[in-house]
Amino acid sequence: MDNQGDIWEVFIQSKPGLAHKHVGSVHGMGKEMALQNARDMYTRRQEGTCIWVVKHADIIASVPEEDGSFFDPSNDKIYREATYYTMPEGAKNI
Amino acid sequence: MTLVIVFYDLKIVNCELNIKTNNNMSDLEKFLEKIEENIKIEPKDWMPDDYRKHLQRQMSQHAHSEVIGMQPEGNWVLRAPSLRAKVILLAKIQDEAGHGQYLYSAAETLGKSRSTYINELQTRKAKYSSIFNYPTLTWADMGAVGWLVDGAAIVNQVSLQKTSYGPYSRAMVKICKEESFHQRQGYEIISNMAKGTPEQKQMAQDALDRFWWPSIMMFGPHDADSSRSENAMKWKIKNETNDQLRQKFIDKTIQQAEIIGLTIPDKDLRWNDETNHYDFGEIDWDEFWNVVKGNGPCNDDRIEHHIKAHEDGAWVREAAIAYAEKNG
Ligand SMILES: [Fe+2]
Ligand SMILES: [Fe+2]
């Protein structure tokens, strides 16, 4: 069993102005190689204008199954949605 | 003001009730409900052990196929008949390397390392598509491989885009976008040869003769003989059966052979007006299982070459690690 390097998660911005989107991961020894591998692997057809690589081990993620109550605070606050409010009949552009 | 508060309280009660019913569901029930509703399963979600194992096996087998599949085509890079043909073939092979990487990445999210997967390939515990155990003898084979082997892979992969495991599904979407040129470049090669000199046309026909049956075997055993299919369908890892996919491939490929004047090597092939599909001859399953078990023409070559390339690259990995430790 040999060393395949760290796993790096890859995020690509497809156009200036858009958010970086997760596309998958690469292996790489060090950040430079991770970035080059990500370029070779995920942008062979001009898929992006910018790439982020983040060490997989450095990502902290919530656990959907174990932590069902994690998103509770927003569950019962439908008054945060514009559609919650009744506007007077005939009111326009609001 | 009072009205708002009352409404708000009701809302809280409702919400708590919902959470209670949710908690009373077992992990398995929640999993099955997601499958039922076509909600993708993600790496951190609870999943049955057999589902995880099935995916580890299927996805790594898929990844190994992409990687081993570079060898029969790599065989012709230095002998490509023109610079154009050479850059196209190289680009295609490079895509296959990428496909292997996407799939290993996705398979790693199931909690098994890449080194382990590669080790299973090299020790022959894991399989790869048996089509790659056939040799590529002439340039026409580059046509047959792209047209038929990638063609069959596309039918399978288009269907897998809907697979229930999120990372696998996303990898398939990306791969399908890249595959379309693979099949077209192969069909271009074989159709050019089919309209060339009589010798060239004969080479094209010979390539079709050798690759036709192994290509339709790529879809695996008949549904009745496929022990793993049932779980795969139940969990929506697969959404179409081996036989359904094989039929799809045959139905769309026959016309492509006809218009370039080549003959599919199956005397039982005929259109069936009742089923609206082509009937075809019996597949030689003894040959299929023989190749799967390791006795095909190139099984040993493929694995030995993979191990050699891997070992030859060991110093590169060591040097890269040393460099990374020094420079971060
Ligand atoms: Fe591929
Ligand atoms: Fe391909």
# chains A, B, ... in the order shown; residues from 1 in each chain; ligands from 1
call {"tool": "residues_around", "arguments": {"residues": "Tyr134 in chain B", "least_positions_apart": "6", "cutoff": "12 Å", "atoms": "only C-alpha atoms", "output": "list in words"}}
result
Ile68, Gly69, Gln71, Pro72, Glu73, Asp141, Val145, Val149, Ala207, Arg210, Phe211, Trp212, Trp213, Pro214, Ser215, Glu287, Phe288, Val291, Val292, Gly294, Asn295, Gly296, Pro297, Cys298, Asn299, Asp300, Asp301 and Arg302 of chain B
call {"tool": "residues_near_ligand", "arguments": {"ligand": "ligand 1", "cutoff": "9 Å", "atoms": "only C-alpha atoms and all ligand atoms", "output": "short mmCIF file (atom, residue, chain, number, x, y, z; two decimals) with all heavy atoms, in the first residue's frame"}}
result
data_model
loop_
_atom_site.label_atom_id
_atom_site.label_comp_id
_atom_site.auth_asym_id
_atom_site.auth_seq_id
_atom_site.Cartn_x
_atom_site.Cartn_y
_atom_site.Cartn_z
N ALA B 63 -14.54 2.32 -12.29
CA ALA B 63 -13.29 3.11 -12.33
C ALA B 63 -12.16 2.30 -12.95
O ALA B 63 -11.43 2.78 -13.83
CB ALA B 63 -12.91 3.57 -10.92
N SER B 65 -12.38 -0.08 -15.04
CA SER B 65 -12.63 -0.25 -16.47
C SER B 65 -12.15 0.96 -17.27
O SER B 65 -11.56 0.82 -18.34
CB SER B 65 -14.12 -0.46 -16.74
OG SER B 65 -14.59 -1.58 -16.02
N GLU B 66 -12.41 2.16 -16.74
CA GLU B 66 -11.95 3.37 -17.42
C GLU B 66 -10.42 3.36 -17.53
O GLU B 66 -9.85 3.70 -18.57
CB GLU B 66 -12.38 4.63 -16.64
CG GLU B 66 -13.88 4.78 -16.43
CD GLU B 66 -14.64 5.25 -17.66
OE1 GLU B 66 -13.99 5.58 -18.68
OE2 GLU B 66 -15.88 5.29 -17.62
N VAL B 67 -9.76 2.96 -16.46
CA VAL B 67 -8.30 3.02 -16.41
C VAL B 67 -7.68 1.91 -17.28
O VAL B 67 -6.80 2.18 -18.10
CB VAL B 67 -7.81 2.94 -14.95
CG1 VAL B 67 -6.31 2.71 -14.90
CG2 VAL B 67 -8.17 4.22 -14.21
N GLY B 69 -9.10 0.43 -19.64
CA GLY B 69 -9.54 0.69 -21.02
C GLY B 69 -8.59 1.59 -21.81
O GLY B 69 -8.66 1.66 -23.04
N LYS B 92 -8.96 11.45 -26.27
CA LYS B 92 -9.94 10.47 -25.81
C LYS B 92 -9.38 9.66 -24.65
O LYS B 92 -10.03 9.48 -23.63
CB LYS B 92 -10.33 9.56 -26.98
CG LYS B 92 -11.52 8.69 -26.63
CD LYS B 92 -11.39 7.30 -27.12
CE LYS B 92 -12.65 6.51 -26.79
NZ LYS B 92 -12.39 5.39 -25.92
N ILE B 93 -8.15 9.21 -24.80
CA ILE B 93 -7.53 8.42 -23.74
C ILE B 93 -7.38 9.26 -22.46
O ILE B 93 -7.60 8.78 -21.35
CB ILE B 93 -6.17 7.86 -24.22
CG1 ILE B 93 -6.40 6.87 -25.37
CG2 ILE B 93 -5.43 7.18 -23.07
CD1 ILE B 93 -5.12 6.43 -26.06
N ASP B 95 -9.34 11.65 -21.54
CA ASP B 95 -10.67 11.68 -20.93
C ASP B 95 -10.92 10.43 -20.09
O ASP B 95 -11.47 10.50 -19.00
CB ASP B 95 -11.76 11.74 -22.02
CG ASP B 95 -12.10 13.17 -22.43
OD1 ASP B 95 -11.60 14.12 -21.81
OD2 ASP B 95 -12.89 13.32 -23.39
N GLU B 96 -10.52 9.26 -20.63
CA GLU B 96 -10.77 8.01 -19.90
C GLU B 96 -10.01 8.02 -18.57
O GLU B 96 -10.51 7.54 -17.56
CB GLU B 96 -10.38 6.79 -20.74
CG GLU B 96 -11.04 6.69 -22.13
CD GLU B 96 -12.55 6.65 -22.11
OE1 GLU B 96 -13.17 6.77 -21.04
OE2 GLU B 96 -13.14 6.53 -23.21
N ALA B 97 -8.78 8.56 -18.59
CA ALA B 97 -8.03 8.70 -17.33
C ALA B 97 -8.84 9.56 -16.36
O ALA B 97 -9.00 9.22 -15.18
CB ALA B 97 -6.66 9.32 -17.57
N GLY B 98 -9.39 10.66 -16.89
CA GLY B 98 -10.22 11.53 -16.05
C GLY B 98 -11.44 10.80 -15.51
O GLY B 98 -11.78 10.93 -14.34
N HIS B 99 -12.09 10.00 -16.36
CA HIS B 99 -13.27 9.25 -15.91
C HIS B 99 -12.91 8.31 -14.76
O HIS B 99 -13.65 8.20 -13.79
CB HIS B 99 -13.87 8.44 -17.06
CG HIS B 99 -14.38 9.30 -18.18
ND1 HIS B 99 -14.84 8.79 -19.36
CD2 HIS B 99 -14.49 10.64 -18.28
CE1 HIS B 99 -15.22 9.79 -20.16
NE2 HIS B 99 -15.00 10.91 -19.52
N GLY B 100 -11.76 7.66 -14.90
CA GLY B 100 -11.31 6.79 -13.82
C GLY B 100 -11.14 7.58 -12.53
O GLY B 100 -11.58 7.16 -11.45
N ASP B 150 -17.44 2.32 -26.56
CA ASP B 150 -17.93 3.56 -25.95
C ASP B 150 -19.44 3.70 -26.15
O ASP B 150 -20.14 4.20 -25.27
CB ASP B 150 -17.20 4.78 -26.50
CG ASP B 150 -15.77 4.87 -25.97
OD1 ASP B 150 -14.93 4.10 -26.46
OD2 ASP B 150 -15.51 5.67 -25.06
N ALA B 153 -21.00 1.67 -23.53
CA ALA B 153 -20.77 2.32 -22.23
C ALA B 153 -21.71 3.52 -22.07
O ALA B 153 -22.24 3.77 -20.98
CB ALA B 153 -19.31 2.76 -22.11
N ILE B 154 -21.94 4.25 -23.16
CA ILE B 154 -22.82 5.43 -23.09
C ILE B 154 -24.24 5.02 -22.70
O ILE B 154 -24.87 5.64 -21.84
CB ILE B 154 -22.80 6.22 -24.42
CG1 ILE B 154 -21.45 6.93 -24.59
CG2 ILE B 154 -23.94 7.23 -24.48
CD1 ILE B 154 -21.21 7.51 -25.98
N ILE B 175 -19.36 12.56 -16.96
CA ILE B 175 -18.77 11.61 -17.89
C ILE B 175 -19.59 11.55 -19.19
O ILE B 175 -19.03 11.54 -20.29
CB ILE B 175 -18.64 10.21 -17.23
CG1 ILE B 175 -17.47 10.24 -16.24
CG2 ILE B 175 -18.43 9.12 -18.27
CD1 ILE B 175 -17.29 8.97 -15.41
N CYS B 176 -20.91 11.53 -19.07
CA CYS B 176 -21.74 11.45 -20.27
C CYS B 176 -21.50 12.63 -21.21
O CYS B 176 -21.50 12.46 -22.43
CB CYS B 176 -23.22 11.36 -19.88
SG CYS B 176 -23.66 9.72 -19.30
N GLU B 178 -18.79 14.07 -21.74
CA GLU B 178 -17.51 13.91 -22.44
C GLU B 178 -17.52 12.73 -23.42
O GLU B 178 -16.74 12.69 -24.35
CB GLU B 178 -16.38 13.73 -21.41
CG GLU B 178 -16.30 14.91 -20.47
CD GLU B 178 -15.13 14.83 -19.51
OE1 GLU B 178 -14.44 13.80 -19.44
OE2 GLU B 178 -14.92 15.82 -18.80
N GLU B 179 -18.42 11.77 -23.16
CA GLU B 179 -18.41 10.54 -23.95
C GLU B 179 -18.84 10.73 -25.40
O GLU B 179 -18.45 9.96 -26.27
CB GLU B 179 -19.31 9.47 -23.33
CG GLU B 179 -18.76 8.80 -22.08
CD GLU B 179 -17.60 7.85 -22.33
OE1 GLU B 179 -17.21 7.66 -23.51
OE2 GLU B 179 -17.05 7.32 -21.37
N HIS B 182 -16.34 10.54 -27.98
CA HIS B 182 -15.65 9.26 -28.06
C HIS B 182 -16.30 8.35 -29.08
O HIS B 182 -15.65 7.73 -29.90
CB HIS B 182 -15.66 8.56 -26.69
CG HIS B 182 -14.91 9.30 -25.64
ND1 HIS B 182 -14.73 8.83 -24.37
CD2 HIS B 182 -14.30 10.51 -25.67
CE1 HIS B 182 -14.03 9.70 -23.67
NE2 HIS B 182 -13.77 10.73 -24.44
#
call {"tool": "closest_residue", "arguments": {"among": "A:Ile78, A:Ile94, A:Cys50, A:Ile12", "to": "chain B", "atoms": "only C-alpha atoms"}}
result
A:Ile78
call {"tool": "select_by_dssp", "arguments": {"residues": "range 23-206 of chain B", "states": "helix (DSSP H, G or I)", "output": "PyMOL selection string"}}
result
chain B and resi 23-24+27-36+49-68+70-74+77-79+83-108+114-122+130-133+140-160+166-194+198-206
call {"tool": "atom_distance", "arguments": {"atom1": "CA of Lys252 in chain B", "atom2": "CA of Gln200 in chain B"}}
result
24.5 Å
call {"tool": "interface_residues", "arguments": {"of": "chain B", "to": "chain A", "cutoff": "8 Å", "atoms": "only C-alpha atoms", "output": "list in words"}}
result
Lys11, Ile12, Cys15, Lys44, Asp45, Trp46, Gly98, Gln101, Tyr102, Ser105, Ala106, Arg114, Ser115, Thr116, Asn119, Pro167, Arg317, Glu318, Ala320, Ile321, Ala324, Glu325, Asn327 and Gly328 of chain B
call {"tool": "atom_distance", "arguments": {"atom1": "CA of Gln183 in chain B", "atom2": "CA of Leu160 in chain B"}}
result
17.7 Å
call {"tool": "closest_residue", "arguments": {"among": "B:Leu245, B:Leu78, B:Met142, B:Ile190", "to": "ligand 2", "atoms": "only C-alpha atoms and all ligand atoms"}}
result
B:Met142
call {"tool": "select_by_dssp", "arguments": {"residues": "chain A", "states": "strand (DSSP E)", "output": "ChimeraX atom specification"}}
result
/A:6-13,21-28,50-55
call {"tool": "residues_around", "arguments": {"residues": "Ala126 in chain B", "least_positions_apart": "4", "cutoff": "10 Å", "atoms": "only C-alpha atoms", "output": "list in words"}}
result
Arg57, Gln58, Ser60, Gln61, His64, Tyr117, Ile118, Asn119, Glu120, Leu121 and Gln122 of chain B
call {"tool": "closest_residue", "arguments": {"among": "B:Asn272, B:Gln94, B:Gln255, B:Thr138", "to": "ligand 2", "atoms": "only C-alpha atoms and all ligand atoms"}}
result
B:Gln94
call {"tool": "atom_distance", "arguments": {"atom1": "CA of Glu304 in chain B", "atom2": "CA of Leu103 in chain B"}}
result
22.0 Å
call {"tool": "closest_residue", "arguments": {"among": "B:Met70, B:Met59, B:Leu208, B:Met217", "to": "ligand 2", "atoms": "only C-alpha atoms and all ligand atoms"}}
result
B:Met70
call {"tool": "closest_residue", "arguments": {"among": "B:Leu89, B:Tyr51, B:Ile254, B:Lys162", "to": "ligand 2", "atoms": "only C-alpha atoms and all ligand atoms"}}
result
B:Leu89
call {"tool": "residues_around", "arguments": {"residues": "Ile51 in chain A", "least_positions_apart": "2", "cutoff": "9 Å", "atoms": "only C-alpha atoms", "output": "PyMOL selection string"}}
result
chain A and resi 10-14+20+35+38-39+48-49+53
call {"tool": "closest_residue", "arguments": {"among": "B:Leu28, B:Met172, B:Met47, B:Ile250", "to": "ligand 2", "atoms": "only C-alpha atoms and all ligand atoms"}}
result
B:Met172
